[in-house]
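Q: The following file, target_16.tsv, comprises TSV, C-alpha atoms and all ligand atoms:
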```tsv
chain	number	residue	atom	x	y	z
A	1	MET	CA	-22.76	-34.61	23.56
A	2	SER	CA	-21.79	-32.88	26.75
A	3	PRO	CA	-18.24	-33.16	27.99
A	4	THR	CA	-17.46	-35.48	30.85
A	5	LEU	CA	-17.33	-33.74	34.19
A	6	ASN	CA	-14.88	-34.44	36.89
A	7	PRO	CA	-16.22	-33.01	40.15
A	8	ALA	CA	-13.49	-34.75	42.15
A	9	SER	CA	-10.73	-32.82	40.44
A	10	LEU	CA	-12.70	-29.62	40.86
A	11	LEU	CA	-12.92	-30.24	44.57
A	12	THR	CA	-9.22	-30.92	44.74
A	13	ARG	CA	-8.47	-27.81	42.79
A	14	ARG	CA	-10.72	-25.75	45.00
A	15	ARG	CA	-9.08	-27.11	48.12
A	16	LEU	CA	-5.69	-26.31	46.66
A	17	LEU	CA	-6.83	-22.77	45.99
A	18	GLY	CA	-8.24	-22.54	49.48
A	19	LEU	CA	-11.63	-21.46	48.19
A	20	GLY	CA	-13.78	-23.72	50.35
A	21	VAL	CA	-16.58	-22.04	52.25
A	22	SER	CA	-17.27	-23.87	55.51
A	23	GLY	CA	-20.36	-25.91	54.67
A	24	GLY	CA	-23.38	-25.69	56.94
A	25	SER	CA	-22.14	-23.07	59.34
A	26	SER	CA	-23.49	-19.77	58.11
A	27	LEU	CA	-21.97	-16.63	59.52
A	28	LEU	CA	-24.28	-13.96	60.83
A	29	LEU	CA	-24.50	-10.73	58.95
A	30	GLY	CA	-22.54	-7.85	60.36
A	31	GLY	CA	-21.41	-4.70	58.64
A	32	CYS	CA	-20.32	-4.31	55.07
A	33	ALA	CA	-18.27	-7.36	54.27
A	34	LEU	CA	-16.94	-6.04	50.98
A	35	ASN	CA	-15.97	-2.58	52.15
A	36	GLY	CA	-13.38	-1.14	49.80
A	37	PHE	CA	-13.64	-3.90	47.26
A	38	SER	CA	-15.33	-1.85	44.56
A	39	GLU	CA	-12.79	0.93	45.05
A	40	GLN	CA	-9.95	-1.53	44.60
A	41	VAL	CA	-11.52	-2.99	41.47
A	42	GLY	CA	-12.17	0.48	40.11
A	43	ALA	CA	-8.53	1.38	40.60
A	44	ALA	CA	-7.20	-1.83	39.07
A	45	THR	CA	-5.91	-1.89	35.54
A	46	GLN	CA	-7.88	-3.87	32.96
A	47	PRO	CA	-7.98	-6.80	32.71
A	48	LEU	CA	-8.16	-7.48	36.42
A	49	ASN	CA	-5.01	-9.10	37.60
A	50	GLU	CA	-4.42	-12.30	39.51
A	51	ARG	CA	-3.24	-10.34	42.52
A	52	LEU	CA	-6.65	-8.74	42.94
A	53	GLU	CA	-8.31	-12.11	42.55
A	54	ALA	CA	-6.10	-13.62	45.22
A	55	TRP	CA	-6.72	-10.64	47.49
A	56	MET	CA	-10.46	-11.01	47.07
A	57	GLN	CA	-10.52	-14.75	47.63
A	58	GLY	CA	-8.30	-14.28	50.66
A	59	ARG	CA	-11.03	-12.14	52.25
A	60	GLY	CA	-13.17	-15.18	52.85
A	61	PRO	CA	-16.91	-15.47	52.53
A	62	VAL	CA	-19.44	-12.69	52.95
A	63	PRO	CA	-21.54	-13.28	56.09
A	64	GLU	CA	-24.76	-15.10	55.30
A	65	PHE	CA	-28.22	-15.14	56.80
A	66	ARG	CA	-29.91	-18.04	58.54
A	67	ARG	CA	-32.31	-20.23	56.61
A	68	ASP	CA	-35.20	-19.14	58.89
A	69	GLN	CA	-34.61	-15.49	57.92
A	70	VAL	CA	-35.72	-16.17	54.34
A	71	ASP	CA	-38.80	-14.08	53.47
A	72	PRO	CA	-40.37	-15.36	50.21
A	73	GLU	CA	-43.12	-12.67	50.23
A	74	ALA	CA	-40.52	-9.90	50.04
A	75	LEU	CA	-38.99	-11.25	46.82
A	76	LEU	CA	-40.68	-9.42	43.96
A	77	VAL	CA	-40.31	-10.54	40.37
A	78	ASN	CA	-38.44	-8.05	38.23
A	79	SER	CA	-38.45	-8.99	34.57
A	80	PHE	CA	-38.27	-6.44	31.80
A	81	ASN	CA	-38.70	-8.49	28.66
A	82	GLY	CA	-41.25	-11.18	29.43
A	83	THR	CA	-40.73	-14.64	30.89
A	84	PRO	CA	-38.95	-17.08	28.56
A	85	ARG	CA	-39.88	-20.72	29.07
A	86	LEU	CA	-36.82	-22.88	28.43
A	87	ASP	CA	-37.21	-26.58	27.72
A	88	PRO	CA	-35.24	-28.27	30.53
A	89	VAL	CA	-34.25	-31.19	28.25
A	90	ALA	CA	-33.00	-29.03	25.41
A	91	TYR	CA	-31.38	-26.51	27.77
A	92	ARG	CA	-27.63	-25.98	27.45
A	93	LEU	CA	-25.41	-23.57	29.31
A	94	ARG	CA	-22.69	-22.58	26.86
A	95	VAL	CA	-19.31	-21.48	28.13
A	96	GLU	CA	-17.08	-19.96	25.47
A	97	GLY	CA	-14.51	-17.31	24.69
A	98	LEU	CA	-11.14	-17.40	26.47
A	99	VAL	CA	-11.45	-20.97	27.77
A	100	SER	CA	-9.43	-24.05	26.85
A	101	ARG	CA	-12.53	-26.31	26.78
A	102	PRO	CA	-15.72	-24.65	25.52
A	103	LEU	CA	-18.68	-26.31	27.23
A	104	ALA	CA	-22.34	-27.00	26.55
A	105	LEU	CA	-23.64	-28.22	29.88
A	106	ASP	CA	-27.10	-29.67	30.30
A	107	LEU	CA	-29.00	-29.71	33.57
A	108	LYS	CA	-27.71	-33.19	34.45
A	109	ASP	CA	-24.15	-31.97	34.04
A	110	LEU	CA	-24.86	-29.09	36.40
A	111	ALA	CA	-26.55	-31.39	38.91
A	112	ALA	CA	-23.44	-33.62	38.89
A	113	LEU	CA	-21.23	-30.77	40.12
A	114	PRO	CA	-20.88	-30.00	43.85
A	115	GLN	CA	-24.01	-28.18	45.05
A	116	GLN	CA	-23.71	-25.07	47.18
A	117	ARG	CA	-26.17	-22.83	48.99
A	118	VAL	CA	-26.03	-19.14	49.73
A	119	VAL	CA	-28.54	-17.38	51.99
A	120	MET	CA	-28.27	-13.73	51.08
A	121	ARG	CA	-30.05	-10.42	50.82
A	122	HIS	CA	-31.19	-9.74	47.28
A	123	VAL	CA	-31.22	-5.97	46.77
A	124	CYS	CA	-33.00	-4.29	43.87
A	125	VAL	CA	-32.21	-0.64	43.12
A	126	GLU	CA	-35.94	-0.08	42.64
A	127	GLY	CA	-36.24	-0.06	46.41
A	128	TRP	CA	-36.91	-3.55	47.68
A	129	ALA	CA	-34.83	-6.30	49.23
A	130	ALA	CA	-35.47	-9.88	50.28
A	131	ILE	CA	-33.50	-12.61	51.99
A	132	VAL	CA	-33.32	-15.59	49.67
A	133	ALA	CA	-31.67	-19.02	49.84
A	134	TRP	CA	-30.25	-19.95	46.46
A	135	SER	CA	-28.67	-23.30	45.62
A	136	GLY	CA	-26.73	-24.50	42.64
A	137	VAL	CA	-23.17	-24.78	41.43
A	138	ARG	CA	-20.38	-22.32	41.88
A	139	LEU	CA	-19.77	-20.25	38.78
A	140	ALA	CA	-16.06	-20.73	39.64
A	141	ASP	CA	-16.46	-24.51	39.28
A	142	VAL	CA	-17.99	-24.14	35.82
A	143	LEU	CA	-15.30	-21.66	34.75
A	144	SER	CA	-12.51	-23.88	36.01
A	145	LEU	CA	-14.08	-26.86	34.25
A	146	ALA	CA	-13.95	-24.82	31.05
A	147	GLY	CA	-10.35	-23.83	31.77
A	148	ILE	CA	-10.64	-20.06	32.06
A	149	SER	CA	-7.62	-18.30	30.59
A	150	PRO	CA	-5.55	-15.98	32.80
A	151	LEU	CA	-6.31	-13.36	30.14
A	152	GLY	CA	-10.03	-13.67	30.77
A	153	GLY	CA	-10.64	-10.61	32.89
A	154	TYR	CA	-14.40	-10.46	32.33
A	155	VAL	CA	-17.38	-12.71	31.80
A	156	GLU	CA	-20.28	-11.68	29.56
A	157	ILE	CA	-23.62	-13.22	30.50
A	158	SER	CA	-26.42	-13.69	27.98
A	159	SER	CA	-29.98	-14.65	28.84
A	160	ALA	CA	-32.88	-16.14	26.92
A	161	ASP	CA	-34.91	-12.91	27.23
A	162	GLN	CA	-32.03	-11.00	25.56
A	163	TYR	CA	-30.98	-9.60	28.94
A	164	PHE	CA	-27.25	-9.03	29.07
A	165	SER	CA	-24.63	-8.26	31.70
A	166	SER	CA	-20.90	-8.45	32.23
A	167	TRP	CA	-18.89	-9.19	35.34
A	168	ASP	CA	-15.32	-8.81	36.50
A	169	ARG	CA	-13.39	-12.05	36.84
A	170	ALA	CA	-12.91	-11.79	40.61
A	171	SER	CA	-16.66	-11.49	41.26
A	172	ALA	CA	-17.39	-14.36	38.87
A	173	LEU	CA	-14.87	-16.57	40.69
A	174	HIS	CA	-16.06	-15.55	44.14
A	175	PRO	CA	-16.92	-18.71	46.12
A	176	GLN	CA	-20.44	-17.42	46.92
A	177	THR	CA	-21.30	-16.64	43.29
A	178	LEU	CA	-23.64	-19.38	42.12
A	179	LEU	CA	-25.42	-20.52	39.01
A	180	ALA	CA	-28.60	-21.22	40.94
A	181	THR	CA	-31.09	-23.93	40.02
A	182	ALA	CA	-33.10	-23.83	43.25
A	183	MET	CA	-34.65	-21.12	45.40
A	184	ASN	CA	-35.73	-21.40	49.03
A	185	GLY	CA	-35.44	-25.18	48.94
A	186	ALA	CA	-37.56	-25.72	45.81
A	187	PRO	CA	-36.70	-25.89	42.11
A	188	LEU	CA	-36.15	-22.42	40.70
A	189	PRO	CA	-39.50	-20.95	39.54
A	190	VAL	CA	-39.67	-19.84	35.89
A	191	ALA	CA	-40.37	-16.24	36.93
A	192	ASN	CA	-37.16	-16.22	38.96
A	193	GLY	CA	-34.99	-17.48	36.12
A	194	ALA	CA	-35.42	-21.23	35.63
A	195	PRO	CA	-33.60	-23.30	34.81
A	196	VAL	CA	-30.44	-21.33	35.70
A	197	ARG	CA	-29.81	-17.85	37.09
A	198	LEU	CA	-26.94	-16.03	38.76
A	199	ALA	CA	-26.95	-15.45	42.52
A	200	THR	CA	-24.35	-13.75	44.71
A	201	PRO	CA	-24.33	-11.71	47.91
A	202	ILE	CA	-21.72	-9.34	46.45
A	203	LYS	CA	-23.75	-7.63	43.73
A	204	LEU	CA	-27.03	-5.75	43.21
A	205	GLY	CA	-30.09	-7.49	41.77
A	206	TYR	CA	-29.67	-6.29	38.20
A	207	LYS	CA	-26.32	-8.16	37.95
A	208	LEU	CA	-28.07	-11.44	38.87
A	209	SER	CA	-29.10	-12.53	35.38
A	210	LYS	CA	-32.04	-14.94	35.08
A	211	TRP	CA	-32.48	-17.58	32.31
A	212	VAL	CA	-28.72	-17.66	31.69
A	213	THR	CA	-27.82	-19.43	28.44
A	214	ARG	CA	-24.30	-18.27	27.61
A	215	LEU	CA	-21.14	-17.27	29.43
A	216	ARG	CA	-18.41	-15.73	27.36
A	217	VAL	CA	-14.98	-15.12	28.85
A	218	VAL	CA	-13.34	-12.03	27.35
A	219	SER	CA	-10.16	-10.02	27.93
A	220	SER	CA	-11.81	-6.61	27.90
A	221	LEU	CA	-15.29	-5.18	28.10
A	222	GLY	CA	-17.09	-4.58	24.83
A	223	VAL	CA	-19.25	-1.65	23.81
A	224	ARG	CA	-22.27	-3.47	25.24
A	225	ARG	CA	-21.78	-3.92	28.97
A	226	GLY	CA	-25.27	-4.77	30.07
A	227	THR	CA	-28.96	-4.10	29.65
A	228	TRP	CA	-29.05	-1.69	32.61
A	229	GLU	CA	-25.35	-0.88	32.68
A	230	ASP	CA	-25.63	0.66	29.19
A	231	LYS	CA	-28.49	2.84	30.46
A	232	GLY	CA	-26.25	4.34	33.13
A	233	TYR	CA	-26.54	1.87	36.01
A	234	GLU	CA	-23.24	1.31	37.76
A	235	TRP	CA	-21.27	-1.47	36.09
A	236	PHE	CA	-19.60	-3.04	39.13
A	237	ALA	CA	-22.74	-2.78	41.31
A	238	GLY	CA	-21.08	-4.15	44.42
A	239	LEU	CA	-22.95	-4.61	47.70
B	1	LIG	N1	-32.71	-12.23	32.28
B	1	LIG	C1	-33.06	-11.30	33.19
B	1	LIG	N2	-32.41	-11.27	34.36
B	1	LIG	C2	-32.72	-10.36	35.29
B	1	LIG	C3	-33.74	-9.40	35.06
B	1	LIG	C4	-34.43	-9.46	33.81
B	1	LIG	O1	-35.35	-8.69	33.50
B	1	LIG	N3	-34.06	-10.44	32.90
B	1	LIG	N4	-34.03	-8.45	36.04
B	1	LIG	C5	-32.96	-8.17	37.03
B	1	LIG	C6	-33.35	-7.38	38.18
B	1	LIG	S1	-33.41	-5.70	38.05
B	1	LIG	C7	-33.52	-7.94	39.41
B	1	LIG	S2	-33.81	-7.03	40.81
B	1	LIG	C8	-33.53	-9.41	39.57
B	1	LIG	C9	-34.88	-9.84	40.07
B	1	LIG	O2	-34.88	-11.21	40.33
B	1	LIG	P1	-36.25	-11.90	40.71
B	1	LIG	O3	-37.25	-11.59	39.62
B	1	LIG	O4	-35.94	-13.34	40.86
B	1	LIG	O5	-36.67	-11.27	42.01
B	1	LIG	O6	-33.26	-10.10	38.36
B	1	LIG	C10	-32.34	-9.47	37.53
B	1	LIG	N5	-32.04	-10.37	36.47
B	2	MO	MO	-33.54	-4.84	40.13
```
Translate the structure described by the file into structure tokens.
A:
Amino acid sequence: MSPTLNPASLLTRRRLLGLGVSGGSSLLLGGCALNGFSEQVGAATQPLNERLEAWMQGRGPVPEFRRDQVDPEALLVNSFNGTPRLDPVAYRLRVEGLVSRPLALDLKDLAALPQQRVVMRHVCVEGWAAIVAWSGVRLADVLSLAGISPLGGYVEISSADQYFSSWDRASALHPQTLLATAMNGAPLPVANGAPVRLATPIKLGYKLSKWVTRLRVVSSLGVRRGTWEDKGYEWFAGL
């Protein structure tokens, strides 16, 4: 049984926190919107503190692209361990660790939450980029539904193909960080991470885990930090 969701209280909470991104009106891209953010995170003590989170959320949204700037041909598929096919009925997104209400959300639960869209440039370190429109729920909404502890400075993300990554709390709670279930106006293709993948304009492609099955809130990073991160790729990977 999945827990009962309460999108109304989430909306209220988000309004209280002042996290709302103005719906519909997308800002045009100009300059580096997150200039200095990685430096500040790098300098912060672990776990990341609430002050940093507030500072980041106070910066407002990263400028987005227009829907007509989306270029589907430019989006290459980058998968390193095959393409897992998840049964949409059996699928559960588990949220565990430092949360007051561990969750096992099915796709109907996710569809019942407020849906958001982000039109962003997806940048892969292998030398390609593509403007993509992702839609889904805010990761922040799912984490607040689970009751993320103030001690939860990091979120570990596990995928069905054994891909792994870990994020700082502030990036996970960023209002443009989504658990995407749709891409360019259509259901998310399997190759791009169906049924659920991460999407955000604030991080490089390798942080945007596909086929996400488990989120684990932790107080400090473990020995394993990520599939690519552990091979020397930058951990924060901010854009
Ligand atoms: N589970 C999983 N997520 C993943 C990957 C992967 O191999 N497995 N590749 C990453 C890399 S390097 C990039 S650039 C993007 C590619 O997303 P796309 O295949 O939808 O273009 O997914 C990221 N997320
Ligand atoms: Mo990538």
Q: May I have the residues within 7 Å of ligand MO 2 (chain B), computed using all atoms listed in the file, as an mmCIF file with C-alpha atoms, keeping the file's coordinate frame?
A:
```
data_model
loop_
_atom_site.group_PDB
_atom_site.id
_atom_site.type_symbol
_atom_site.label_atom_id
_atom_site.label_comp_id
_atom_site.auth_asym_id
_atom_site.auth_seq_id
_atom_site.Cartn_x
_atom_site.Cartn_y
_atom_site.Cartn_z
ATOM 1 C CA ASN A 78 -38.440 -8.050 38.230
ATOM 2 C CA CYS A 124 -33.000 -4.290 43.870
ATOM 3 C CA VAL A 125 -32.210 -0.640 43.120
ATOM 4 C CA GLU A 126 -35.940 -0.080 42.640
ATOM 5 C CA GLY A 205 -30.090 -7.490 41.770
ATOM 6 C CA TYR A 206 -29.670 -6.290 38.200
#
```
Q: Tell me which of A:Gln116, A:Thr200, A:Ser171, A:Thr83 sits closest to Tyr154 of chain A, counting all atoms listed in the file.
A: A:Ser171
Q: Taking all atoms listed in the file into account, name the residue in A:Gly238, A:Pro63, A:Pro175, A:Pro72 that is nearest to ligand LIG 1 (chain B).
A: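 For ligand LIG 1 (chain B), the nearest of the candidates is A:Pro72.
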Q: Using only C-alpha atoms, pick whichever of A:Phe236, A:Tyr91, A:Trp128, A:Trp167 has the shortest atom-to-atom distance to Val217 of chain A.
A: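 Using only C-alpha atoms, the shortest distance to Val217 of chain A belongs to A:Trp167.
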Q: Would you mind listing the residues within 8 Å of ligand LIG 1 (chain B), counting all atoms listed in the file, as a ChimeraX atom specification?
A: /A:75-82,122-126,158-164,191-193,197-198,204-212
Q: With a distance cut-off of 12 Å and only C-alpha atoms, select the neighbouring residues of Gly147 of chain A, excluding the residue or stretch itself and same-chain residues fewer than 5 positions from it, and output the selection as a PyMOL selection string.
A: chain A and resi 10+13+95-103+140-142+152+217
Q: How far is it from atom CA of Arg138 of chain A to atom CA of Leu215 of chain A, in Å with one decimal?
A: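 Atom CA of Leu215 of chain A lies 13.5 Å from atom CA of Arg138 of chain A.
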